[in-house]
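Below is one structure, written out as structure tokens, with a few remarks after it.
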Amino acid sequence: MLILVWIAMFGAGGASSGRISDVSTNDQVQQLPASANATKVQALQAEFRGDDVVPGVLVYERAGGLTDADQAVIADQITDLAELDGVVTESVSPAIFSDDGEAAEASLTLDGNVKPADTVDLIRGYLADNPIAGVDTYVTGPAGLLADLTGAFAGIDGILLLTALAAVLVILVIVYRSPLLPLIVLLTSLSALCASVLVVVALAGADVLILTGQTQGILFILVIGAATDYSLLYVARFREALRDNEKKWDATLVALRGSFEPILAAGGTVIVGLLCLLFSDLNSNKALGPVAAIGIGFALVAALTLLPSLMLWAGRAAF
């Protein structure tokens with residue numbers, strides 16, 4: 001029954017992972033101390049531009065100066081860009097030309113309810129499909145910066161997770177010289193991660209806590225590492241218990257009695273330490289505390305419920 005419950009949580013958590021980007025935020029305020037003047041400025045700026053918009057800047061440049069034909073095409077393109085999905089039409093300004101005539105810029109505002117990175121990709125795609133010979137075009141400003149950061153870090157969490165899993169798998173195979181035991185430990189770790197993602201996404205969607213890209217990456221690695229650590233404590237006790245007890249049930253009870261307190265103490269200490277981050281003045285630390293504590297909590301529960309169940313099922317064959 002425990003294995004079935006965890007399999008269900010594994011599936012539900014895996015499905016919820018697709019919603020992480022919908023409930024996470026990468027607002028600059030999350031990287032600043034709550035009491036900093038810059039944080040207060042960010043809040044005041046929202047009153048002028050609205051909470052759900054992202055400013056952007058469109059730049060055209062030609063060495064030697066923009067021609068009259070260039071200026072006419074630029075005006076037409078700005079009109080077309082104002083009609084793209086995700087662009088706030090009434091916010092688009094006409095082109096403003098530099099004193100030397102080599103560059104022009106136009107400001108535009110993106111709808112925050114649509115992913116800014118997607119809108120910037122649309123704008124850049126339009127400019128790529130409608131080039132002006134000899135003219136370089138750029139989408140910059142906060143919107144362009146956000147899109148570039150999103151692209152630079154796209155998939156990095158998946159790479160970190162796969163790298164951590166591969167490292168753990170190789171180490172466990174070398175240490176235990178068993179094909180089955182490493183898979184059991186990794187399944188326990190992944191199940192703990194999926195369950196924590198399920199809860200964190202639900203709480204972030206309800207605005208109970210804040211989930212950022214940085215917190216998400218730390219959560220993945222932290223849960224895998226902690227769950228593996230706690231699992232190895234139980235595996236060691238179970239292996240000893242199998243030498244002294246013929247029946248798997250007896251060995252399981254002995255192993256649980258021998259590992260329950262140290263695993264609970266280890267996990268409880270980490271959870272309390274992480275919750276201390278709630279007192280931090282730095283917003284990113286404050287957001288990390290409860291999210292990481294939830295992950296450690298599920299790592300703790302998985303090591304004391306799912307892992308013993310899987311080891312009971314596998315018995316001596318696990319080794």
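Here, A, B, ... name the chains of the structure tokens in the order displayed, residue numbers run from 1 inside each chain, and ligands are numbered from 1 in the same displayed order.
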
Report task. List every residue of segment 23-201 of chain A that DSSP, applied to the backbone of this structure, assigns to alpha helix (DSSP H), and report them as a ChimeraX atom specification. Result -> /A:23,37-49,68-81,116-129,141-153,156-176,180-201

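Residue nearest Leu146 of chain A within the list A:Asp118, A:Thr163, A:Gly18, A:Leu127: A:Asp118 [criterion: smallest interatomic distance, only C-alpha atoms].
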
Requested in this report: Would you return as a count of residues only the members of segment 98-247 of chain A that DSSP assigns to strand (DSSP E) on this structure's backbone?
Outcome: 14

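Distance annotation: of A:Gly268, A:Leu108, A:Val57, A:Leu161, the residue with the minimal separation from Thr137 of chain A is A:Val57; atom set is only C-alpha atoms.
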
Query - Point-to-point distance from atom CA of Pro116 of chain A to atom CA of Val53 of chain A, Å rounded to tenths - result: 8.9 Å

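Separating atom CA of Ile20 of chain A from atom CA of Ala147 of chain A is a distance of 17.3 Å.
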